[in-house]
Amino acid sequence: MKALKHLHKYFNKYRYRLIIGIIITIIAKVFALFTPRLIGNSINIVSERLDGTISDEIFKHDLTINIIYLVGAAILAGIFTFLMRQTIINVSRFIEFDLKNEIYKHYQVLSLNFYKTNRTGDLMNRISEDVGKVRMYVGPAIMYTINTVTLFVIAIIYMIDRSPSLTLYTLLPLPILSVVIYRLSRLINKRSTIVQQSLSTLSTYSQETFSGISVIKSYGIEPRTNKEFEDLSATNREKQINLTKVQALFFPMMILLIGVSNLIVIYVGGMQYMAGEIEKIGTIAEFIIYVNMLTWPVATVGWVTSLVQQAEASQERINEFLNTQPDIQNNTPELTPIKGDITFKNVSFTYPDTNIEALKDVSFTLQSGQTLAILGKTGSGKSTILDLIGRLYDIDQGQVLIDQTPISELNLNSLRESIGYVPQDAFLFSDSIKNNIKFGKEDATDEEVIAAATNAKVHKNIIGFTKGYDTVLGERGITLSGGQKQRVSIARAIIKQPEILLFDDCLSAVDTETEEKILKNLVKLTKDKTTIIVSHRISSAKNADHIIILDDGKVIESGNHDTLINSDGYYKELYNKQSSEKEM
Ligand SMILES: Nc1ncnc2c1ncn2[C@@H]1O[C@H](COP(=O)(O)OP(=O)(O)OP(=O)(O)O)[C@@H](O)[C@H]1O
């Protein structure tokens, strides 16, 4: 129960609702337990009439009163049972909502490394499935426990009052029932987990095949994927059948045990009545109803125990993530406005998970408003420099300074808000084009969106779609070409008008002519912004104030276009190669 302690703060938050829920549950059970007594009484009245002990008039009067009480108690028990669910189950939904938000917020502050070391499916599972299991503890488990305890206490008091020895015989089979149900519930849970796992394998497989459908079709491997899907489905069917087998045992077991209990009551009760130990025949009827009323709550003891065990396991998994501290901490709570000077001083950086030394002793200085172009072979460390400026990772050696302050001493929000980043793989949300651009600036006007799209040279493409800027992208919308995606992503960054703009090879899918036009617009727009352009093309780099060439994490050349084409090296070679390609 240690892990579940995490929920105490929520129980405290909703304590009044919970207390009301408990009181309502007790009231509901008190009313429900009037029924056996009233039925017992009714039978006694009939028996007394048959014996001739009471007159016809008294018989009719007493029976009518009894029936009115019965109906009244049933109605009140119904109303309070409804209210019981409305309070306790609602609390469980509130806690579920709070817990989901707590986890989601925590996910948001965790560093990139966390996302790389944990699978997305796992993150999703903990926020949905595991929270769902915890809710079963907060809601149904607590409700049924209160229910059972109240029912037992009141029923046993009533039963002992009628006949202590019959009470003992009646209760005898109930612990056996509870143990059997507990065992069955555990087996059911175990098998349902297996079913869940096989379902998740099946859905991951289908999702992957649908996402990669164009590759599957172009390679003509549909028969293979069909066969694999069929095999996975067959495994799932087998697991489902295994589960159904134990589920099918649940109700027959209950019916059998209820039957045994009823037999005991009738047999022992009958014997006691004949021996005169029980005064009235109605008591036997009353006890039969108690047995039936108590069986289900006793069965739930086993079920609730396994619910609590599952919730404990789930909360443990949730806590594991909630206790994970972000690698990147905000060390400065007060905001630190950013101008945009960037300095790298002998920076070396090794990725913690792969141990790849991506940067080795890198130094450069960039003043606010200047442009730096970074070129180099693939894997040479260009993107890593951009990641370090956004402080997605902390460095091992050297210093990254922004406005002459070590980056770790800046307010993390101020830093990130001052950056407009266009990644290598443009990621667009399944939303309208307008909202995707506005992602950079939530309160942007339509005019600003259009201006940003025009500068990113994608406006004409957008108005070519029937729904223009309201065109929905993604799974249920249209698919943009690689170059269009990159340009929407550029529009998103420039609408933000940040102090620092980072473009990570984001014109690679755009033809050189459009690239030229975009770059021209960017020169105007980024006049007073610090800009870093990562590229494989000379055309993107030639107008930059500074150019550095990286090779295997080291700066091997630096200067500007004029100095670099005049010295033999990678830049000049690339320039000659790309110029001759252009002429061809
Ligand atoms: N998130 C990461 N975790 C671990 N290693 C990484 C990570 N990102 C990059 N690397 C490694 O660091 C090195 C530098 O990668 P980086 O992405 O900075 O190169 P790049 O010059 O931008 O390459 P490209 O031009 O292909 O985008 C590579 O060897 C790469 O495998």
# chains A, B, ... in the order shown; residues from 1 in each chain; ligands from 1
$ residues_near_ligand --ligand "ligand 1" --cutoff "12 Å" --atoms "only C-alpha atoms and all ligand atoms" --output "PDB file with N, CA and C atoms, in the first residue's frame"
ATOM      1  N   SER A 111      13.138  15.879 -19.480  1.00  0.00           N
ATOM      2  CA  SER A 111      14.048  16.215 -20.576  1.00  0.00           C
ATOM      3  C   SER A 111      13.917  15.224 -21.732  1.00  0.00           C
ATOM      4  N   LEU A 112      14.532  15.628 -22.862  1.00  0.00           N
ATOM      5  CA  LEU A 112      14.483  14.794 -24.065  1.00  0.00           C
ATOM      6  C   LEU A 112      14.997  13.389 -23.814  1.00  0.00           C
ATOM      7  N   ASN A 113      16.021  13.321 -22.965  1.00  0.00           N
ATOM      8  CA  ASN A 113      16.630  12.038 -22.681  1.00  0.00           C
ATOM      9  C   ASN A 113      15.625  11.035 -22.130  1.00  0.00           C
ATOM     10  N   PHE A 114      14.703  11.542 -21.303  1.00  0.00           N
ATOM     11  CA  PHE A 114      13.662  10.696 -20.723  1.00  0.00           C
ATOM     12  C   PHE A 114      12.821  10.071 -21.850  1.00  0.00           C
ATOM     13  N   TYR A 115      12.498  10.894 -22.831  1.00  0.00           N
ATOM     14  CA  TYR A 115      11.667  10.406 -23.934  1.00  0.00           C
ATOM     15  C   TYR A 115      12.416   9.398 -24.803  1.00  0.00           C
ATOM     16  N   LYS A 116      13.755   9.551 -24.795  1.00  0.00           N
ATOM     17  CA  LYS A 116      14.520   8.606 -25.609  1.00  0.00           C
ATOM     18  C   LYS A 116      14.687   7.275 -24.912  1.00  0.00           C
ATOM     19  N   THR A 117      14.722   7.318 -23.568  1.00  0.00           N
ATOM     20  CA  THR A 117      14.955   6.057 -22.861  1.00  0.00           C
ATOM     21  C   THR A 117      13.650   5.325 -22.522  1.00  0.00           C
ATOM     22  N   SER A 348      32.676  20.793 -25.386  1.00  0.00           N
ATOM     23  CA  SER A 348      32.682  19.375 -25.778  1.00  0.00           C
ATOM     24  C   SER A 348      31.420  18.755 -25.210  1.00  0.00           C
ATOM     25  N   PHE A 349      30.825  17.868 -25.983  1.00  0.00           N
ATOM     26  CA  PHE A 349      29.579  17.264 -25.503  1.00  0.00           C
ATOM     27  C   PHE A 349      29.458  15.804 -25.938  1.00  0.00           C
ATOM     28  N   THR A 350      29.127  14.976 -24.977  1.00  0.00           N
ATOM     29  CA  THR A 350      28.931  13.553 -25.254  1.00  0.00           C
ATOM     30  C   THR A 350      27.477  13.200 -24.941  1.00  0.00           C
ATOM     31  N   TYR A 351      26.762  12.559 -25.870  1.00  0.00           N
ATOM     32  CA  TYR A 351      25.377  12.142 -25.596  1.00  0.00           C
ATOM     33  C   TYR A 351      25.380  11.092 -24.502  1.00  0.00           C
ATOM     34  N   PRO A 352      24.622  11.325 -23.437  1.00  0.00           N
ATOM     35  CA  PRO A 352      24.721  10.408 -22.293  1.00  0.00           C
ATOM     36  C   PRO A 352      24.289   8.983 -22.620  1.00  0.00           C
ATOM     37  N   ASP A 353      23.298   8.825 -23.505  1.00  0.00           N
ATOM     38  CA  ASP A 353      22.795   7.459 -23.724  1.00  0.00           C
ATOM     39  C   ASP A 353      23.659   6.653 -24.680  1.00  0.00           C
ATOM     40  N   THR A 354      24.300   7.331 -25.655  1.00  0.00           N
ATOM     41  CA  THR A 354      25.062   6.559 -26.643  1.00  0.00           C
ATOM     42  C   THR A 354      26.564   6.678 -26.441  1.00  0.00           C
ATOM     43  N   ASN A 355      26.948   7.636 -25.578  1.00  0.00           N
ATOM     44  CA  ASN A 355      28.385   7.909 -25.366  1.00  0.00           C
ATOM     45  C   ASN A 355      29.086   8.389 -26.615  1.00  0.00           C
ATOM     46  N   ILE A 356      28.313   8.925 -27.559  1.00  0.00           N
ATOM     47  CA  ILE A 356      28.938   9.476 -28.771  1.00  0.00           C
ATOM     48  C   ILE A 356      29.397  10.892 -28.448  1.00  0.00           C
ATOM     49  N   GLU A 357      30.675  11.163 -28.699  1.00  0.00           N
ATOM     50  CA  GLU A 357      31.166  12.517 -28.461  1.00  0.00           C
ATOM     51  C   GLU A 357      30.834  13.341 -29.700  1.00  0.00           C
ATOM     52  N   ALA A 358      29.750  14.106 -29.617  1.00  0.00           N
ATOM     53  CA  ALA A 358      29.238  14.802 -30.799  1.00  0.00           C
ATOM     54  C   ALA A 358      29.957  16.115 -31.053  1.00  0.00           C
ATOM     55  N   LEU A 359      30.460  16.777 -30.004  1.00  0.00           N
ATOM     56  CA  LEU A 359      31.198  18.039 -30.188  1.00  0.00           C
ATOM     57  C   LEU A 359      32.516  17.967 -29.438  1.00  0.00           C
ATOM     58  N   LYS A 360      33.562  18.487 -30.112  1.00  0.00           N
ATOM     59  CA  LYS A 360      34.882  18.442 -29.480  1.00  0.00           C
ATOM     60  C   LYS A 360      35.501  19.827 -29.547  1.00  0.00           C
ATOM     61  N   ILE A 374      26.326  26.906 -40.382  1.00  0.00           N
ATOM     62  CA  ILE A 374      27.144  25.738 -40.000  1.00  0.00           C
ATOM     63  C   ILE A 374      27.020  24.697 -41.102  1.00  0.00           C
ATOM     64  N   LEU A 375      28.137  24.306 -41.644  1.00  0.00           N
ATOM     65  CA  LEU A 375      28.140  23.274 -42.679  1.00  0.00           C
ATOM     66  C   LEU A 375      28.987  22.104 -42.196  1.00  0.00           C
ATOM     67  N   GLY A 376      28.827  20.989 -42.852  1.00  0.00           N
ATOM     68  CA  GLY A 376      29.645  19.826 -42.482  1.00  0.00           C
ATOM     69  C   GLY A 376      28.945  18.557 -42.896  1.00  0.00           C
ATOM     70  N   LYS A 377      29.724  17.491 -42.900  1.00  0.00           N
ATOM     71  CA  LYS A 377      29.161  16.202 -43.336  1.00  0.00           C
ATOM     72  C   LYS A 377      28.058  15.763 -42.379  1.00  0.00           C
ATOM     73  N   THR A 378      27.298  14.780 -42.805  1.00  0.00           N
ATOM     74  CA  THR A 378      26.238  14.286 -41.927  1.00  0.00           C
ATOM     75  C   THR A 378      26.857  13.626 -40.689  1.00  0.00           C
ATOM     76  N   GLY A 379      26.227  13.892 -39.562  1.00  0.00           N
ATOM     77  CA  GLY A 379      26.715  13.329 -38.298  1.00  0.00           C
ATOM     78  C   GLY A 379      27.889  14.094 -37.711  1.00  0.00           C
ATOM     79  N   SER A 380      28.174  15.284 -38.250  1.00  0.00           N
ATOM     80  CA  SER A 380      29.360  16.010 -37.765  1.00  0.00           C
ATOM     81  C   SER A 380      29.070  16.833 -36.510  1.00  0.00           C
ATOM     82  N   GLY A 381      27.797  16.963 -36.115  1.00  0.00           N
ATOM     83  CA  GLY A 381      27.480  17.650 -34.856  1.00  0.00           C
ATOM     84  C   GLY A 381      26.732  18.965 -35.019  1.00  0.00           C
ATOM     85  N   LYS A 382      26.231  19.226 -36.227  1.00  0.00           N
ATOM     86  CA  LYS A 382      25.575  20.523 -36.486  1.00  0.00           C
ATOM     87  C   LYS A 382      24.308  20.689 -35.650  1.00  0.00           C
ATOM     88  N   SER A 383      23.436  19.688 -35.703  1.00  0.00           N
ATOM     89  CA  SER A 383      22.176  19.793 -34.942  1.00  0.00           C
ATOM     90  C   SER A 383      22.445  19.853 -33.449  1.00  0.00           C
ATOM     91  N   THR A 384      23.504  19.174 -33.032  1.00  0.00           N
ATOM     92  CA  THR A 384      23.829  19.163 -31.613  1.00  0.00           C
ATOM     93  C   THR A 384      24.077  20.589 -31.107  1.00  0.00           C
ATOM     94  N   ILE A 385      24.748  21.421 -31.924  1.00  0.00           N
ATOM     95  CA  ILE A 385      25.004  22.812 -31.512  1.00  0.00           C
ATOM     96  C   ILE A 385      23.670  23.513 -31.245  1.00  0.00           C
ATOM     97  N   LEU A 386      22.687  23.301 -32.147  1.00  0.00           N
ATOM     98  CA  LEU A 386      21.378  23.950 -31.962  1.00  0.00           C
ATOM     99  C   LEU A 386      20.689  23.445 -30.691  1.00  0.00           C
ATOM    100  N   ASP A 387      20.800  22.147 -30.453  1.00  0.00           N
ATOM    101  CA  ASP A 387      20.178  21.577 -29.241  1.00  0.00           C
ATOM    102  C   ASP A 387      20.776  22.184 -27.982  1.00  0.00           C
ATOM    103  N   LEU A 388      22.083  22.452 -28.025  1.00  0.00           N
ATOM    104  CA  LEU A 388      22.731  23.016 -26.839  1.00  0.00           C
ATOM    105  C   LEU A 388      22.300  24.461 -26.620  1.00  0.00           C
ATOM    106  N   LEU A 392      18.652  21.788 -24.526  1.00  0.00           N
ATOM    107  CA  LEU A 392      17.962  20.503 -24.445  1.00  0.00           C
ATOM    108  C   LEU A 392      18.866  19.508 -23.714  1.00  0.00           C
ATOM    109  N   TYR A 393      20.157  19.830 -23.704  1.00  0.00           N
ATOM    110  CA  TYR A 393      21.113  19.033 -22.935  1.00  0.00           C
ATOM    111  C   TYR A 393      22.053  19.994 -22.214  1.00  0.00           C
ATOM    112  N   PRO A 423      13.050  22.557 -36.987  1.00  0.00           N
ATOM    113  CA  PRO A 423      13.814  21.305 -36.961  1.00  0.00           C
ATOM    114  C   PRO A 423      14.019  20.714 -38.353  1.00  0.00           C
ATOM    115  N   GLN A 424      14.892  19.729 -38.363  1.00  0.00           N
ATOM    116  CA  GLN A 424      15.205  19.050 -39.615  1.00  0.00           C
ATOM    117  C   GLN A 424      13.969  18.339 -40.183  1.00  0.00           C
ATOM    118  N   ASP A 425      13.283  17.592 -39.315  1.00  0.00           N
ATOM    119  CA  ASP A 425      12.039  16.937 -39.764  1.00  0.00           C
ATOM    120  C   ASP A 425      10.912  17.818 -39.267  1.00  0.00           C
ATOM    121  N   PHE A 503      17.693  27.470 -37.728  1.00  0.00           N
ATOM    122  CA  PHE A 503      17.157  26.720 -38.875  1.00  0.00           C
ATOM    123  C   PHE A 503      18.018  25.488 -39.093  1.00  0.00           C
ATOM    124  N   ASP A 504      17.451  24.307 -38.821  1.00  0.00           N
ATOM    125  CA  ASP A 504      18.242  23.081 -38.945  1.00  0.00           C
ATOM    126  C   ASP A 504      17.984  22.406 -40.287  1.00  0.00           C
ATOM    127  N   ASP A 505      18.787  22.735 -41.249  1.00  0.00           N
ATOM    128  CA  ASP A 505      18.709  22.108 -42.567  1.00  0.00           C
ATOM    129  C   ASP A 505      17.263  22.060 -43.067  1.00  0.00           C
ATOM    130  N   CYS A 506      16.576  23.185 -42.886  1.00  0.00           N
ATOM    131  CA  CYS A 506      15.138  23.146 -43.121  1.00  0.00           C
ATOM    132  C   CYS A 506      14.758  23.604 -44.523  1.00  0.00           C
ATOM    133  N   SER A 508      16.167  21.771 -47.109  1.00  0.00           N
ATOM    134  CA  SER A 508      16.704  20.678 -47.911  1.00  0.00           C
ATOM    135  C   SER A 508      15.702  20.154 -48.941  1.00  0.00           C
ATOM    136  N   ILE A 533      22.008  29.078 -39.319  1.00  0.00           N
ATOM    137  CA  ILE A 533      21.462  28.230 -40.384  1.00  0.00           C
ATOM    138  C   ILE A 533      22.364  27.013 -40.543  1.00  0.00           C
ATOM    139  N   VAL A 534      21.783  25.840 -40.331  1.00  0.00           N
ATOM    140  CA  VAL A 534      22.527  24.606 -40.567  1.00  0.00           C
ATOM    141  C   VAL A 534      22.151  24.144 -41.962  1.00  0.00           C
ATOM    142  N   SER A 535      23.148  23.809 -42.758  1.00  0.00           N
ATOM    143  CA  SER A 535      22.803  23.427 -44.126  1.00  0.00           C
ATOM    144  C   SER A 535      23.855  22.535 -44.741  1.00  0.00           C
ATOM    145  N   HIS A 536      23.490  21.959 -45.886  1.00  0.00           N
ATOM    146  CA  HIS A 536      24.469  21.214 -46.676  1.00  0.00           C
ATOM    147  C   HIS A 536      24.767  21.999 -47.950  1.00  0.00           C
ATOM    148  N   ARG A 537      24.081  23.159 -48.096  1.00  0.00           N
ATOM    149  CA  ARG A 537      24.226  23.901 -49.350  1.00  0.00           C
ATOM    150  C   ARG A 537      24.958  25.226 -49.139  1.00  0.00           C
ATOM    151  N   ILE A 548      31.017  28.262 -40.103  1.00  0.00           N
ATOM    152  CA  ILE A 548      31.958  27.275 -39.550  1.00  0.00           C
ATOM    153  C   ILE A 548      31.706  25.926 -40.216  1.00  0.00           C
ATOM    154  N   ILE A 549      32.768  25.193 -40.379  1.00  0.00           N
ATOM    155  CA  ILE A 549      32.650  23.857 -40.973  1.00  0.00           C
ATOM    156  C   ILE A 549      32.999  22.858 -39.884  1.00  0.00           C
ATOM    157  N   LEU A 550      32.121  21.901 -39.702  1.00  0.00           N
ATOM    158  CA  LEU A 550      32.363  20.879 -38.680  1.00  0.00           C
ATOM    159  C   LEU A 550      32.751  19.568 -39.330  1.00  0.00           C
ATOM    160  N   ASP A 551      33.624  18.861 -38.676  1.00  0.00           N
ATOM    161  CA  ASP A 551      33.945  17.512 -39.125  1.00  0.00           C
ATOM    162  C   ASP A 551      34.159  16.669 -37.874  1.00  0.00           C
ATOM    163  N   ASP A 552      33.383  15.644 -37.738  1.00  0.00           N
ATOM    164  CA  ASP A 552      33.480  14.749 -36.589  1.00  0.00           C
ATOM    165  C   ASP A 552      33.502  15.529 -35.262  1.00  0.00           C
ATOM    166  N   GLY A 553      32.626  16.532 -35.164  1.00  0.00           N
ATOM    167  CA  GLY A 553      32.473  17.276 -33.915  1.00  0.00           C
ATOM    168  C   GLY A 553      33.460  18.418 -33.738  1.00  0.00           C
ATOM    169  N   LYS A 554      34.425  18.558 -34.660  1.00  0.00           N
ATOM    170  CA  LYS A 554      35.439  19.626 -34.501  1.00  0.00           C
ATOM    171  C   LYS A 554      35.232  20.694 -35.562  1.00  0.00           C
ATOM    172  N   VAL A 555      35.580  21.946 -35.193  1.00  0.00           N
ATOM    173  CA  VAL A 555      35.515  23.012 -36.191  1.00  0.00           C
ATOM    174  C   VAL A 555      36.789  22.910 -37.017  1.00  0.00           C
TER     175      VAL A 555
END
$ residues_around --residues "A:Leu70" --least-positions-apart "6" --cutoff "12 Å" --atoms "only C-alpha atoms" --output "PDB file with C-alpha atoms, in the first residue's frame"
ATOM      1  CA  PHE A  31     -32.810   0.951   4.195  1.00  0.00           C
ATOM      2  CA  ALA A  32     -31.849  -2.062   2.067  1.00  0.00           C
ATOM      3  CA  LEU A  33     -31.664  -4.200   5.207  1.00  0.00           C
ATOM      4  CA  PHE A  34     -35.226  -3.376   6.199  1.00  0.00           C
ATOM      5  CA  THR A  35     -36.391  -5.680   3.412  1.00  0.00           C
ATOM      6  CA  PRO A  36     -35.541  -9.089   4.958  1.00  0.00           C
ATOM      7  CA  ARG A  37     -37.149  -8.092   8.280  1.00  0.00           C
ATOM      8  CA  LEU A  38     -40.289  -6.859   6.574  1.00  0.00           C
ATOM      9  CA  ILE A  39     -40.555  -9.970   4.411  1.00  0.00           C
ATOM     10  CA  GLY A  40     -40.013 -12.150   7.496  1.00  0.00           C
ATOM     11  CA  ASN A  41     -42.749 -10.199   9.271  1.00  0.00           C
ATOM     12  CA  SER A  42     -45.127 -10.571   6.334  1.00  0.00           C
ATOM     13  CA  LEU A  63     -49.932  -6.903   5.823  1.00  0.00           C
ATOM     14  CA  THR A  64     -50.802  -3.617   4.073  1.00  0.00           C
ATOM     15  CA  LEU A  76     -35.303   5.004  -0.263  1.00  0.00           C
ATOM     16  CA  ALA A  77     -32.567   2.358  -0.593  1.00  0.00           C
TER      17      ALA A  77
END
$ closest_residue --among "A:Arg135, A:Lys485, A:Arg17, A:Lys339" --to "A:Ala453" --atoms "only C-alpha atoms"
A:Lys485
$ closest_residue --among "A:Tyr219, A:Phe465, A:Phe250, A:Phe321" --to "A:Tyr107" --atoms "only C-alpha atoms"
A:Phe321
$ residues_around --residues "A:Lys345" --least-positions-apart "4" --cutoff "9 Å" --atoms "only C-alpha atoms" --output "list in words"
Asp361, Val362, Ser363, Phe364, Thr365, Gly398, Gln399, Val400 and Leu401 of chain A
$ write_last_selection --atoms "C-alpha atoms" --output "PDB file, in the first residue's frame"
ATOM      1  CA  ASP A 361      36.306  21.730 -28.287  1.00  0.00           C
ATOM      2  CA  VAL A 362      33.955  23.922 -30.347  1.00  0.00           C
ATOM      3  CA  SER A 363      34.304  27.693 -30.034  1.00  0.00           C
ATOM      4  CA  PHE A 364      32.622  30.572 -31.853  1.00  0.00           C
ATOM      5  CA  THR A 365      31.085  33.937 -31.045  1.00  0.00           C
ATOM      6  CA  GLY A 398      33.449  24.324 -21.852  1.00  0.00           C
ATOM      7  CA  GLN A 399      30.817  27.028 -21.713  1.00  0.00           C
ATOM      8  CA  VAL A 400      27.759  28.054 -23.686  1.00  0.00           C
ATOM      9  CA  LEU A 401      27.081  31.716 -22.977  1.00  0.00           C
TER      10      LEU A 401
END
$ residues_around --residues "A:His61" --least-positions-apart "4" --cutoff "12 Å" --atoms "only C-alpha atoms" --output "number ranges by chain"
A: 42, 45-46, 49, 54-57, 65-68
$ write_last_selection --atoms "C-alpha atoms" --output "PDB file, in the first residue's frame"
ATOM      1  CA  SER A  42     -45.127 -10.571   6.334  1.00  0.00           C
ATOM      2  CA  ILE A  45     -48.489 -12.446   9.621  1.00  0.00           C
ATOM      3  CA  VAL A  46     -49.669 -14.941   6.981  1.00  0.00           C
ATOM      4  CA  ARG A  49     -53.657 -15.844  10.056  1.00  0.00           C
ATOM      5  CA  ILE A  54     -55.205 -13.097  14.276  1.00  0.00           C
ATOM      6  CA  SER A  55     -58.435 -11.898  12.746  1.00  0.00           C
ATOM      7  CA  ASP A  56     -58.916 -11.206   9.053  1.00  0.00           C
ATOM      8  CA  GLU A  57     -59.045  -7.471   9.727  1.00  0.00           C
ATOM      9  CA  ILE A  65     -48.634  -1.625   6.486  1.00  0.00           C
ATOM     10  CA  ASN A  66     -45.783  -4.102   5.914  1.00  0.00           C
ATOM     11  CA  ILE A  67     -46.079  -3.825   2.141  1.00  0.00           C
ATOM     12  CA  ILE A  68     -46.103   0.000   2.342  1.00  0.00           C
TER      13      ILE A  68
END
